[in-house]
Amino acid sequence: MSDKEISSHFIRTKIKKDLETGKYKTVETRFPPEPNGFLHIGHAKSICLNFGMADEFKGKCHLRMDDTNPVKEDLLFVEAIKKDVKWLGFDWKENLSFASDLYDFFYETAVNFIKKGKAYVCDLSFDQMREYRGTLTEPGKNSPYRDRTVEENLDLFEKMKKGEFEEGSKVLRLKIDMASPNLVMRDPAIYRIMKVPHYRTGDKWKVYPMYDFAQCLSDVKNGVTHSICTLEFENNRPLYDWILKESGIEAANGLPEQTEFARLNLSYTVLSKRKLIELVNKKIVEGWDDPRMPTIAGMRRRGIPPESIRNFCEKIGVAKKDSVVDAALFEHCVRDELNVNAKRRFCVLNPLKVVIENYEDDKEEIFDCLNHPGDESMGTRPVAFSKVIYIEKEDFLEDPPKKFFRLGPGREVRLRYAYIIKCVDYIKDENGEVTELRCTYDPLSRGGNAHDGRKIKGTIHWVSEKHGLDANVKIYDRLFNTENPGKGELEESLNPDSLKIIQNCKIEPSLKDAKPGERFQFERNGYFTADKDSDSDNRVFNLIITLRDQWEKISGKK
RNA sequence: UGGGGUGUCGCCAAGCGGAAAGGCACAGGGUUUUGAUCCCUGCAUGCGAAGGUUCGAAUCCUUCCACCCCAGCCA
């Protein structure tokens, strides 16, 4: 990729400047997911940004599990996250860490805050706490427990840790300013009692640190310089800075600095963890890796190449403006990648039988078909041809319009790589549905070119009845019908046709042992990959994405 | 009506005082044994609005408007 393709964004500009001015000697970033769900395309933006900046400036990027809430987190998610980051093409090397590894450090730091008179144990209930906090327009008031002595606080916090108090009865708070116009600074709670075992530390702890406390401390501890997060944490930045400064911690790389960017929103899908969990729990989709999900796992199963996700993340840019990226841009990136790398194959989705009357009954011919018409280095594969073949039902019309470049009574069409055929008759069943075509072929058109130079406008794909194999194909479409399904109930905007299963499709023999992860273009139909449930007895393909279809527009307009 | 942010083409997004990049989408046209790909062409006298400063403003100043975030012992 050449430099001119990469337009700069404000974070890259900032890092460059920080390095030039010597503010930081090195760049260390981090991607800090909470292991309470699967990663999605929105996370991919953050992953590409964080790992991307580290790579570009020869720094490091940490993968840190932000696990400070034992009731939500699970090892299952940790493993899924690691798999997804790796699949996307990033390597955290030795820099994998867990906030939970730092629990002792957090605790000691909290104790130091108490000793300095900067933190206190507060007995206010949830409701009282809310009352004392004030509102957006009115200042809060000091907690009656705010002036406990250092000794008392130390003793109480120690007892909290030992589990001597009920959950919810006490919290440890920072002593900042209850009148601050920024609610985050109104004596935020940094430790709460949770008598819940943690998936990594077991039942060692009865108190757990909260986000604001753990995030900045994890960052310094990791040696992070540029702490990149999303816009909603902008209000938390003063607290991030306050904690680091007041902690007095010396950092080899200098204190980390938080920079916020706008999270990704994509039209026609949802990216909030809550909504995604809802889709899974309500069984609207088959699971986190349902190919319709915007999760990394779903996209992987769908067949979307990781390169296209990375390219997409580069194309959308990084800024501070709330925005909704057009799903069409993502689709473009997927097609762009697949067009270059997917091998071409034949698959007839809705078979219509064609008998070539003047072709010898038992004759067979093998055609060498290009794996990629634009890239000869990808080679060829042999495809067998015979008297009876299948073509797409929609490639024949009884009464075709002038612009229909396919088959109709008396019309000619080219069978790709094979022969020119002409429809001489067709058979219908009692319902009036066309069930079989009778055609003749032009023996002098072997390979597809007419000997007399006549122009054949249409070219269609085909599969030999004798040689072809059966397959089931899952045709996926967007999960939602509305641009912003995030508003309102999910059910209201679901696309009822987001999954259609087509059975008894005909595929060419070379597709027999296609494996998940191998991606093909089924010519004229779209890009497909073998599903994880596919095997050589029961082949199942997933539609990754269709080809752009000009005909759809032309015919739709008439 | 507290504080923090953001407003440049339908959707993203460069630009940072010298005179509106690029991508997607869309619309034309060309090539084509995938109605795919590819290749041309078009697409903001305008930068949320109004004033002002300047020879010159999307870029500086003033006022206004719109939208987003914050009152979890979530992250």
# chains A, B, ... in the order shown; residues from 1 in each chain; ligands from 1

$ select_by_dssp --residues "segment 60-279 of chain A" --states "helix (DSSP H, G or I)" --output "number ranges by chain"
A: 75-88, 99-115, 126-133, 150-162, 183-185, 211-222, 231-247, 273-279

$ residues_around --residues "segment 28-31 of chain B" --least-positions-apart "6" --cutoff "9 Å" --atoms "only C-alpha atoms (C1' of nucleotides)" --output "PyMOL selection string"
chain B and resi 38-42

$ interface_residues --of "chain B" --to "chain A" --cutoff "10 Å" --atoms "only C-alpha atoms (C1' of nucleotides)" --output "VMD selection string"
chain B and resid 1 to 7 11 to 14 21 to 25 33 to 38 67 to 75

$ atom_distance --atom1 "atom CA of Ser143 of chain A" --atom2 "atom CA of Asp177 of chain A"
11.0 Å

$ select_by_dssp --residues "segment 216-446 of chain A" --states "strand (DSSP E)" --output "short mmCIF file (atom, residue, chain, number, x, y, z; two decimals) with all heavy atoms, in the first residue's frame"
data_model
loop_
_atom_site.label_atom_id
_atom_site.label_comp_id
_atom_site.auth_asym_id
_atom_site.auth_seq_id
_atom_site.Cartn_x
_atom_site.Cartn_y
_atom_site.Cartn_z
N HIS A 226 -0.05 6.57 24.73
CA HIS A 226 -1.25 7.12 24.09
C HIS A 226 -2.43 6.20 24.37
O HIS A 226 -2.54 5.13 23.82
CB HIS A 226 -1.02 7.29 22.59
CG HIS A 226 0.08 8.27 22.30
ND1 HIS A 226 -0.16 9.60 22.01
CD2 HIS A 226 1.43 8.13 22.31
CE1 HIS A 226 0.99 10.23 21.84
NE2 HIS A 226 1.98 9.35 22.00
N SER A 227 -3.29 6.67 25.25
CA SER A 227 -4.45 5.89 25.67
C SER A 227 -5.65 6.34 24.84
O SER A 227 -6.25 7.37 25.11
CB SER A 227 -4.68 6.13 27.15
OG SER A 227 -5.77 5.36 27.60
N ILE A 228 -5.93 5.56 23.80
CA ILE A 228 -6.96 5.95 22.85
C ILE A 228 -8.30 5.29 23.19
O ILE A 228 -8.37 4.07 23.34
CB ILE A 228 -6.52 5.55 21.43
CG1 ILE A 228 -5.17 6.22 21.10
CG2 ILE A 228 -7.57 5.94 20.41
CD1 ILE A 228 -4.48 5.67 19.86
N CYS A 229 -9.32 6.10 23.31
CA CYS A 229 -10.63 5.54 23.65
C CYS A 229 -11.71 6.31 22.90
O CYS A 229 -11.43 7.23 22.14
CB CYS A 229 -10.87 5.59 25.15
SG CYS A 229 -10.96 7.26 25.77
N THR A 230 -12.96 5.95 23.14
CA THR A 230 -14.05 6.59 22.41
C THR A 230 -14.60 7.82 23.14
O THR A 230 -14.37 8.02 24.33
CB THR A 230 -15.17 5.58 22.12
OG1 THR A 230 -15.41 4.82 23.31
CG2 THR A 230 -14.75 4.63 21.01
N GLU A 257 -1.55 9.69 28.14
CA GLU A 257 -2.52 10.73 27.86
C GLU A 257 -3.67 10.13 27.09
O GLU A 257 -3.48 9.38 26.13
CB GLU A 257 -1.84 11.79 27.00
CG GLU A 257 -2.22 13.20 27.37
CD GLU A 257 -1.29 14.20 26.68
OE1 GLU A 257 -1.24 14.21 25.44
OE2 GLU A 257 -0.64 14.96 27.40
N GLN A 258 -4.86 10.48 27.51
CA GLN A 258 -6.05 9.92 26.85
C GLN A 258 -6.48 10.78 25.67
O GLN A 258 -6.54 12.00 25.76
CB GLN A 258 -7.19 9.84 27.88
CG GLN A 258 -8.50 9.36 27.29
CD GLN A 258 -9.58 9.22 28.34
OE1 GLN A 258 -9.42 8.54 29.35
NE2 GLN A 258 -10.72 9.88 28.12
N THR A 259 -6.78 10.12 24.55
CA THR A 259 -7.30 10.82 23.38
C THR A 259 -8.53 10.08 22.91
O THR A 259 -8.53 8.85 22.82
CB THR A 259 -6.25 10.82 22.24
OG1 THR A 259 -5.04 11.41 22.73
CG2 THR A 259 -6.75 11.62 21.05
N GLU A 260 -9.59 10.84 22.62
CA GLU A 260 -10.84 10.20 22.25
C GLU A 260 -11.16 10.38 20.77
O GLU A 260 -10.89 11.41 20.18
CB GLU A 260 -12.00 10.79 23.06
CG GLU A 260 -11.76 10.86 24.56
CD GLU A 260 -11.00 12.11 24.97
OE1 GLU A 260 -10.77 12.98 24.13
OE2 GLU A 260 -10.60 12.20 26.16
N PHE A 261 -11.76 9.35 20.19
CA PHE A 261 -12.21 9.43 18.79
C PHE A 261 -13.63 8.87 18.73
O PHE A 261 -14.09 8.21 19.66
CB PHE A 261 -11.29 8.63 17.87
CG PHE A 261 -11.39 7.14 18.06
CD1 PHE A 261 -12.16 6.36 17.20
CD2 PHE A 261 -10.73 6.50 19.11
CE1 PHE A 261 -12.27 4.98 17.38
CE2 PHE A 261 -10.83 5.12 19.30
CZ PHE A 261 -11.60 4.37 18.43
N LYS A 343 -11.10 -17.29 -6.34
CA LYS A 343 -11.12 -18.09 -7.57
C LYS A 343 -12.54 -18.19 -8.11
O LYS A 343 -13.49 -18.27 -7.34
CB LYS A 343 -10.61 -19.50 -7.27
CG LYS A 343 -9.12 -19.55 -6.98
CD LYS A 343 -8.69 -20.96 -6.66
CE LYS A 343 -7.20 -21.01 -6.36
NZ LYS A 343 -6.81 -22.30 -5.76
N ARG A 344 -12.64 -18.19 -9.41
CA ARG A 344 -13.97 -18.26 -10.04
C ARG A 344 -14.42 -19.70 -10.15
O ARG A 344 -13.60 -20.59 -10.44
CB ARG A 344 -13.93 -17.64 -11.43
CG ARG A 344 -13.25 -16.27 -11.53
CD ARG A 344 -13.98 -15.11 -10.90
NE ARG A 344 -13.15 -14.48 -9.89
CZ ARG A 344 -12.91 -13.17 -9.80
NH1 ARG A 344 -13.43 -12.32 -10.65
NH2 ARG A 344 -12.18 -12.69 -8.82
N ARG A 345 -15.68 -19.92 -9.94
CA ARG A 345 -16.26 -21.26 -10.05
C ARG A 345 -17.67 -21.14 -10.62
O ARG A 345 -18.24 -20.05 -10.64
CB ARG A 345 -16.34 -21.93 -8.66
CG ARG A 345 -14.99 -22.32 -8.06
CD ARG A 345 -14.36 -23.45 -8.84
NE ARG A 345 -13.10 -23.91 -8.28
CZ ARG A 345 -11.90 -23.45 -8.63
NH1 ARG A 345 -11.80 -22.47 -9.52
NH2 ARG A 345 -10.80 -23.95 -8.10
N CYS A 347 -21.62 -22.31 -10.20
CA CYS A 347 -22.63 -22.89 -9.32
C CYS A 347 -23.97 -22.41 -9.84
O CYS A 347 -24.17 -21.21 -10.05
CB CYS A 347 -22.43 -22.40 -7.89
SG CYS A 347 -23.84 -22.76 -6.80
N VAL A 348 -24.87 -23.34 -10.08
CA VAL A 348 -26.21 -22.97 -10.51
C VAL A 348 -27.12 -23.04 -9.29
O VAL A 348 -27.35 -24.10 -8.72
CB VAL A 348 -26.72 -23.91 -11.63
CG1 VAL A 348 -28.17 -23.56 -11.97
CG2 VAL A 348 -25.83 -23.78 -12.85
N PRO A 351 -31.54 -24.49 -10.60
CA PRO A 351 -31.26 -25.22 -11.84
C PRO A 351 -32.46 -25.38 -12.77
O PRO A 351 -33.57 -25.66 -12.33
CB PRO A 351 -30.81 -26.61 -11.34
CG PRO A 351 -30.52 -26.43 -9.88
CD PRO A 351 -31.41 -25.35 -9.41
N LEU A 352 -32.17 -25.17 -14.04
CA LEU A 352 -33.14 -25.45 -15.10
C LEU A 352 -32.42 -26.40 -16.06
O LEU A 352 -31.33 -26.08 -16.55
CB LEU A 352 -33.52 -24.15 -15.82
CG LEU A 352 -34.39 -24.31 -17.08
CD1 LEU A 352 -35.73 -24.96 -16.74
CD2 LEU A 352 -34.61 -22.96 -17.75
N LYS A 353 -33.03 -27.52 -16.30
CA LYS A 353 -32.41 -28.55 -17.14
C LYS A 353 -32.39 -28.14 -18.60
O LYS A 353 -33.37 -27.61 -19.13
CB LYS A 353 -33.21 -29.85 -17.00
CG LYS A 353 -32.60 -31.04 -17.67
CD LYS A 353 -33.43 -32.27 -17.31
CE LYS A 353 -32.86 -33.51 -17.95
NZ LYS A 353 -33.65 -34.71 -17.58
N VAL A 354 -31.26 -28.38 -19.24
CA VAL A 354 -31.11 -28.05 -20.65
C VAL A 354 -30.58 -29.28 -21.38
O VAL A 354 -29.54 -29.83 -21.01
CB VAL A 354 -30.13 -26.89 -20.87
CG1 VAL A 354 -29.91 -26.64 -22.37
CG2 VAL A 354 -30.63 -25.61 -20.19
N VAL A 355 -31.31 -29.73 -22.39
CA VAL A 355 -30.84 -30.85 -23.18
C VAL A 355 -30.36 -30.31 -24.52
O VAL A 355 -31.08 -29.60 -25.20
CB VAL A 355 -31.97 -31.88 -23.42
CG1 VAL A 355 -31.47 -33.02 -24.31
CG2 VAL A 355 -32.46 -32.42 -22.07
N ILE A 356 -29.12 -30.66 -24.85
CA ILE A 356 -28.56 -30.19 -26.11
C ILE A 356 -28.75 -31.29 -27.13
O ILE A 356 -28.03 -32.29 -27.15
CB ILE A 356 -27.08 -29.82 -25.93
CG1 ILE A 356 -26.98 -28.72 -24.84
CG2 ILE A 356 -26.48 -29.32 -27.24
CD1 ILE A 356 -25.59 -28.48 -24.34
N GLU A 365 -16.68 -33.54 -22.75
CA GLU A 365 -15.53 -32.70 -23.09
C GLU A 365 -15.08 -32.00 -21.83
O GLU A 365 -15.87 -31.69 -20.94
CB GLU A 365 -15.93 -31.64 -24.12
CG GLU A 365 -16.02 -32.17 -25.53
CD GLU A 365 -16.38 -31.06 -26.50
OE1 GLU A 365 -17.60 -30.85 -26.68
OE2 GLU A 365 -15.47 -30.44 -27.05
N ILE A 366 -13.79 -31.78 -21.77
CA ILE A 366 -13.24 -31.07 -20.61
C ILE A 366 -12.77 -29.70 -21.07
O ILE A 366 -11.98 -29.60 -22.00
CB ILE A 366 -12.02 -31.82 -20.02
CG1 ILE A 366 -12.38 -33.26 -19.67
CG2 ILE A 366 -11.51 -31.06 -18.79
CD1 ILE A 366 -13.35 -33.40 -18.52
N PHE A 367 -13.26 -28.68 -20.43
CA PHE A 367 -12.80 -27.32 -20.75
C PHE A 367 -11.89 -26.80 -19.66
O PHE A 367 -12.16 -27.00 -18.47
CB PHE A 367 -14.00 -26.38 -20.91
CG PHE A 367 -14.84 -26.71 -22.11
CD1 PHE A 367 -16.10 -27.31 -21.96
CD2 PHE A 367 -14.36 -26.43 -23.39
CE1 PHE A 367 -16.86 -27.63 -23.06
CE2 PHE A 367 -15.13 -26.74 -24.51
CZ PHE A 367 -16.38 -27.34 -24.35
N ASP A 368 -10.83 -26.17 -20.08
CA ASP A 368 -9.95 -25.53 -19.11
C ASP A 368 -10.49 -24.15 -18.82
O ASP A 368 -10.49 -23.29 -19.69
CB ASP A 368 -8.53 -25.39 -19.70
CG ASP A 368 -7.65 -26.52 -19.22
OD1 ASP A 368 -7.96 -27.09 -18.16
OD2 ASP A 368 -6.66 -26.82 -19.90
N CYS A 369 -10.93 -23.96 -17.60
CA CYS A 369 -11.54 -22.68 -17.27
C CYS A 369 -10.62 -21.87 -16.37
O CYS A 369 -10.02 -22.42 -15.43
CB CYS A 369 -12.89 -22.90 -16.58
SG CYS A 369 -14.03 -23.85 -17.61
N LEU A 370 -10.54 -20.61 -16.65
CA LEU A 370 -9.69 -19.72 -15.87
C LEU A 370 -10.16 -19.62 -14.41
O LEU A 370 -11.34 -19.44 -14.14
CB LEU A 370 -9.72 -18.31 -16.48
CG LEU A 370 -8.64 -17.82 -17.43
CD1 LEU A 370 -7.81 -18.94 -18.03
CD2 LEU A 370 -9.26 -16.96 -18.53
N THR A 380 -5.84 -22.58 -14.12
CA THR A 380 -7.13 -23.02 -14.64
C THR A 380 -7.58 -24.26 -13.88
O THR A 380 -6.82 -24.85 -13.15
CB THR A 380 -7.03 -23.42 -16.13
OG1 THR A 380 -6.11 -24.53 -16.24
CG2 THR A 380 -6.52 -22.26 -16.97
N ARG A 381 -8.82 -24.62 -14.09
CA ARG A 381 -9.30 -25.90 -13.57
C ARG A 381 -10.13 -26.52 -14.67
O ARG A 381 -10.75 -25.81 -15.49
CB ARG A 381 -10.08 -25.73 -12.26
CG ARG A 381 -11.57 -25.39 -12.35
CD ARG A 381 -11.86 -23.95 -12.70
NE ARG A 381 -13.29 -23.66 -12.71
CZ ARG A 381 -13.82 -22.53 -13.05
NH1 ARG A 381 -13.06 -21.50 -13.45
NH2 ARG A 381 -15.13 -22.35 -13.03
N PRO A 382 -10.18 -27.84 -14.72
CA PRO A 382 -10.96 -28.53 -15.76
C PRO A 382 -12.43 -28.60 -15.37
O PRO A 382 -12.76 -28.85 -14.21
CB PRO A 382 -10.35 -29.93 -15.78
CG PRO A 382 -9.82 -30.13 -14.39
CD PRO A 382 -9.44 -28.78 -13.87
N VAL A 383 -13.29 -28.33 -16.35
CA VAL A 383 -14.72 -28.45 -16.09
C VAL A 383 -15.34 -29.31 -17.20
O VAL A 383 -15.16 -29.02 -18.38
CB VAL A 383 -15.41 -27.07 -16.04
CG1 VAL A 383 -16.90 -27.22 -15.76
CG2 VAL A 383 -14.77 -26.19 -14.97
N ALA A 384 -16.05 -30.34 -16.78
CA ALA A 384 -16.61 -31.28 -17.75
C ALA A 384 -17.94 -30.80 -18.31
O ALA A 384 -18.76 -30.20 -17.61
CB ALA A 384 -16.79 -32.65 -17.09
N PHE A 385 -18.13 -31.10 -19.62
CA PHE A 385 -19.34 -30.69 -20.34
C PHE A 385 -19.98 -31.92 -20.95
O PHE A 385 -19.30 -32.88 -21.34
CB PHE A 385 -18.93 -29.72 -21.44
CG PHE A 385 -20.08 -29.15 -22.22
CD1 PHE A 385 -20.84 -28.10 -21.72
CD2 PHE A 385 -20.40 -29.65 -23.49
CE1 PHE A 385 -21.89 -27.56 -22.45
CE2 PHE A 385 -21.46 -29.12 -24.22
CZ PHE A 385 -22.20 -28.08 -23.70
N VAL A 388 -26.45 -33.03 -21.20
CA VAL A 388 -27.46 -32.43 -20.33
C VAL A 388 -26.77 -31.54 -19.29
O VAL A 388 -25.88 -31.99 -18.57
CB VAL A 388 -28.30 -33.51 -19.61
CG1 VAL A 388 -29.37 -32.85 -18.74
CG2 VAL A 388 -28.93 -34.43 -20.65
N ILE A 389 -27.20 -30.32 -19.25
CA ILE A 389 -26.60 -29.38 -18.30
C ILE A 389 -27.69 -28.63 -17.55
O ILE A 389 -28.88 -28.74 -17.89
CB ILE A 389 -25.69 -28.35 -19.01
CG1 ILE A 389 -26.53 -27.54 -20.01
CG2 ILE A 389 -24.53 -29.04 -19.72
CD1 ILE A 389 -25.80 -26.34 -20.58
N TYR A 390 -27.24 -27.89 -16.54
CA TYR A 390 -28.17 -27.01 -15.84
C TYR A 390 -27.73 -25.57 -16.02
O TYR A 390 -26.53 -25.28 -16.06
CB TYR A 390 -28.18 -27.31 -14.34
CG TYR A 390 -28.79 -28.65 -14.00
CD1 TYR A 390 -27.99 -29.74 -13.65
CD2 TYR A 390 -30.18 -28.82 -14.03
CE1 TYR A 390 -28.55 -30.97 -13.34
CE2 TYR A 390 -30.75 -30.05 -13.73
CZ TYR A 390 -29.94 -31.13 -13.38
OH TYR A 390 -30.50 -32.34 -13.08
N ILE A 391 -28.71 -24.71 -16.18
CA ILE A 391 -28.42 -23.26 -16.17
C ILE A 391 -29.38 -22.63 -15.17
O ILE A 391 -30.25 -23.30 -14.61
CB ILE A 391 -28.64 -22.62 -17.58
CG1 ILE A 391 -30.12 -22.68 -17.96
CG2 ILE A 391 -27.75 -23.31 -18.61
CD1 ILE A 391 -30.47 -21.83 -19.18
N GLU A 392 -29.21 -21.36 -14.90
CA GLU A 392 -30.10 -20.69 -13.95
C GLU A 392 -31.49 -20.53 -14.56
O GLU A 392 -31.62 -20.15 -15.74
CB GLU A 392 -29.57 -19.29 -13.61
CG GLU A 392 -28.25 -19.25 -12.87
CD GLU A 392 -28.32 -19.71 -11.43
OE1 GLU A 392 -29.45 -19.90 -10.89
OE2 GLU A 392 -27.25 -19.89 -10.83
N GLU A 412 -29.96 -17.14 -28.98
CA GLU A 412 -28.65 -17.75 -28.74
C GLU A 412 -27.99 -17.14 -27.52
O GLU A 412 -28.19 -15.97 -27.20
CB GLU A 412 -27.73 -17.51 -29.95
CG GLU A 412 -27.93 -18.47 -31.10
CD GLU A 412 -26.82 -18.33 -32.13
OE1 GLU A 412 -26.47 -17.19 -32.48
OE2 GLU A 412 -26.29 -19.37 -32.56
N VAL A 413 -27.19 -17.97 -26.89
CA VAL A 413 -26.41 -17.47 -25.76
C VAL A 413 -25.12 -18.26 -25.71
O VAL A 413 -25.03 -19.36 -26.27
CB VAL A 413 -27.21 -17.64 -24.43
CG1 VAL A 413 -27.13 -19.07 -23.91
CG2 VAL A 413 -26.72 -16.67 -23.37
N ARG A 414 -24.11 -17.70 -25.09
CA ARG A 414 -22.85 -18.43 -24.96
C ARG A 414 -22.77 -19.10 -23.59
O ARG A 414 -23.05 -18.47 -22.57
CB ARG A 414 -21.66 -17.48 -25.13
CG ARG A 414 -20.30 -18.13 -24.82
CD ARG A 414 -19.16 -17.27 -25.31
NE ARG A 414 -19.47 -15.88 -25.08
CZ ARG A 414 -19.49 -14.95 -26.02
NH1 ARG A 414 -19.21 -15.23 -27.25
NH2 ARG A 414 -19.81 -13.71 -25.70
N LEU A 415 -22.41 -20.38 -23.59
CA LEU A 415 -22.14 -21.07 -22.34
C LEU A 415 -20.67 -20.79 -22.06
O LEU A 415 -19.80 -21.13 -22.86
CB LEU A 415 -22.38 -22.58 -22.48
CG LEU A 415 -23.82 -22.99 -22.75
CD1 LEU A 415 -23.91 -24.51 -22.93
CD2 LEU A 415 -24.76 -22.55 -21.62
N ILE A 420 -21.74 -22.02 -28.04
CA ILE A 420 -22.92 -21.19 -28.22
C ILE A 420 -24.10 -22.13 -28.42
O ILE A 420 -24.01 -23.09 -29.19
CB ILE A 420 -22.78 -20.28 -29.45
CG1 ILE A 420 -21.65 -19.27 -29.20
CG2 ILE A 420 -24.09 -19.54 -29.73
CD1 ILE A 420 -21.22 -18.52 -30.46
N ILE A 421 -25.16 -21.89 -27.68
CA ILE A 421 -26.34 -22.74 -27.86
C ILE A 421 -27.54 -21.88 -28.24
O ILE A 421 -27.56 -20.68 -27.99
CB ILE A 421 -26.70 -23.56 -26.59
CG1 ILE A 421 -26.95 -22.62 -25.40
CG2 ILE A 421 -25.60 -24.55 -26.27
CD1 ILE A 421 -27.56 -23.32 -24.19
N LYS A 422 -28.51 -22.57 -28.85
CA LYS A 422 -29.72 -21.87 -29.27
C LYS A 422 -30.92 -22.64 -28.72
O LYS A 422 -30.96 -23.87 -28.76
CB LYS A 422 -29.79 -21.85 -30.80
CG LYS A 422 -31.02 -21.16 -31.35
CD LYS A 422 -31.11 -21.37 -32.86
CE LYS A 422 -31.30 -20.06 -33.57
NZ LYS A 422 -31.21 -20.20 -35.03
N CYS A 423 -31.87 -21.91 -28.20
CA CYS A 423 -33.05 -22.56 -27.63
C CYS A 423 -34.05 -22.85 -28.76
O CYS A 423 -34.51 -21.94 -29.44
CB CYS A 423 -33.70 -21.66 -26.60
SG CYS A 423 -35.24 -22.32 -25.95
N VAL A 424 -34.35 -24.12 -28.95
CA VAL A 424 -35.27 -24.49 -30.03
C VAL A 424 -36.66 -24.88 -29.50
O VAL A 424 -37.63 -24.87 -30.25
CB VAL A 424 -34.72 -25.65 -30.88
CG1 VAL A 424 -33.46 -25.18 -31.61
CG2 VAL A 424 -34.40 -26.87 -30.02
N ASP A 425 -36.72 -25.18 -28.23
CA ASP A 425 -38.02 -25.57 -27.66
C ASP A 425 -37.93 -25.54 -26.15
O ASP A 425 -36.84 -25.52 -25.58
CB ASP A 425 -38.40 -26.99 -28.13
CG ASP A 425 -39.90 -27.28 -27.91
OD1 ASP A 425 -40.65 -26.32 -27.61
OD2 ASP A 425 -40.29 -28.46 -28.03
N TYR A 426 -39.08 -25.50 -25.50
CA TYR A 426 -39.07 -25.58 -24.04
C TYR A 426 -40.30 -26.30 -23.56
O TYR A 426 -41.35 -26.31 -24.23
CB TYR A 426 -38.95 -24.20 -23.40
CG TYR A 426 -40.03 -23.22 -23.79
CD1 TYR A 426 -41.09 -22.97 -22.92
CD2 TYR A 426 -39.97 -22.53 -25.00
CE1 TYR A 426 -42.08 -22.05 -23.26
CE2 TYR A 426 -40.96 -21.64 -25.36
CZ TYR A 426 -42.02 -21.38 -24.48
OH TYR A 426 -42.99 -20.49 -24.81
N ILE A 427 -40.17 -26.93 -22.39
CA ILE A 427 -41.25 -27.75 -21.86
C ILE A 427 -41.78 -27.14 -20.56
O ILE A 427 -41.00 -26.71 -19.71
CB ILE A 427 -40.73 -29.18 -21.58
CG1 ILE A 427 -40.24 -29.79 -22.91
CG2 ILE A 427 -41.82 -30.05 -20.93
CD1 ILE A 427 -39.41 -31.04 -22.72
N LYS A 428 -43.10 -27.11 -20.43
CA LYS A 428 -43.69 -26.56 -19.22
C LYS A 428 -44.48 -27.63 -18.48
O LYS A 428 -44.98 -28.58 -19.08
CB LYS A 428 -44.64 -25.41 -19.58
CG LYS A 428 -43.93 -24.21 -20.18
CD LYS A 428 -44.73 -22.94 -20.00
CE LYS A 428 -45.80 -22.76 -21.05
NZ LYS A 428 -46.40 -21.38 -20.97
N VAL A 434 -41.71 -23.43 -16.62
CA VAL A 434 -40.76 -24.03 -17.56
C VAL A 434 -39.87 -25.01 -16.81
O VAL A 434 -39.25 -24.67 -15.81
CB VAL A 434 -39.90 -22.94 -18.23
CG1 VAL A 434 -38.87 -23.59 -19.16
CG2 VAL A 434 -40.79 -21.98 -19.00
N THR A 435 -39.83 -26.24 -17.28
CA THR A 435 -39.06 -27.26 -16.57
C THR A 435 -37.87 -27.77 -17.36
O THR A 435 -36.98 -28.40 -16.79
CB THR A 435 -39.96 -28.47 -16.25
OG1 THR A 435 -40.53 -28.94 -17.49
CG2 THR A 435 -41.06 -28.10 -15.30
N GLU A 436 -37.86 -27.51 -18.64
CA GLU A 436 -36.75 -28.02 -19.43
C GLU A 436 -36.61 -27.25 -20.73
O GLU A 436 -37.60 -26.84 -21.33
CB GLU A 436 -36.97 -29.51 -19.74
CG GLU A 436 -35.83 -30.15 -20.49
CD GLU A 436 -36.12 -31.64 -20.77
OE1 GLU A 436 -36.68 -32.32 -19.88
OE2 GLU A 436 -35.77 -32.11 -21.87
N LEU A 437 -35.36 -27.06 -21.12
CA LEU A 437 -35.09 -26.38 -22.38
C LEU A 437 -34.50 -27.39 -23.37
O LEU A 437 -33.72 -28.26 -22.98
CB LEU A 437 -34.06 -25.27 -22.15
CG LEU A 437 -34.51 -23.81 -22.01
CD1 LEU A 437 -35.84 -23.68 -21.29
CD2 LEU A 437 -33.44 -23.01 -21.32
N ARG A 438 -34.90 -27.26 -24.62
CA ARG A 438 -34.28 -28.08 -25.67
C ARG A 438 -33.46 -27.10 -26.50
O ARG A 438 -34.00 -26.11 -27.01
CB ARG A 438 -35.35 -28.75 -26.53
CG ARG A 438 -36.43 -29.50 -25.76
CD ARG A 438 -35.90 -30.69 -24.99
NE ARG A 438 -35.44 -31.77 -25.87
CZ ARG A 438 -35.17 -33.01 -25.45
NH1 ARG A 438 -35.29 -33.32 -24.15
NH2 ARG A 438 -34.74 -33.92 -26.30
N CYS A 439 -32.19 -27.41 -26.64
CA CYS A 439 -31.31 -26.50 -27.35
C CYS A 439 -30.47 -27.25 -28.38
O CYS A 439 -30.38 -28.48 -28.35
CB CYS A 439 -30.37 -25.78 -26.38
SG CYS A 439 -31.22 -24.71 -25.22
N THR A 440 -29.85 -26.49 -29.24
CA THR A 440 -28.85 -27.08 -30.13
C THR A 440 -27.58 -26.28 -29.90
O THR A 440 -27.63 -25.13 -29.46
CB THR A 440 -29.24 -26.95 -31.61
OG1 THR A 440 -29.49 -25.58 -31.91
CG2 THR A 440 -30.47 -27.78 -31.93
N TYR A 441 -26.44 -26.91 -30.16
CA TYR A 441 -25.20 -26.17 -29.97
C TYR A 441 -24.51 -25.99 -31.31
O TYR A 441 -24.79 -26.72 -32.26
CB TYR A 441 -24.29 -26.88 -28.97
CG TYR A 441 -23.44 -27.99 -29.54
CD1 TYR A 441 -22.05 -27.85 -29.63
CD2 TYR A 441 -24.01 -29.19 -29.96
CE1 TYR A 441 -21.26 -28.88 -30.12
CE2 TYR A 441 -23.23 -30.23 -30.47
CZ TYR A 441 -21.85 -30.06 -30.55
OH TYR A 441 -21.08 -31.05 -31.05
#
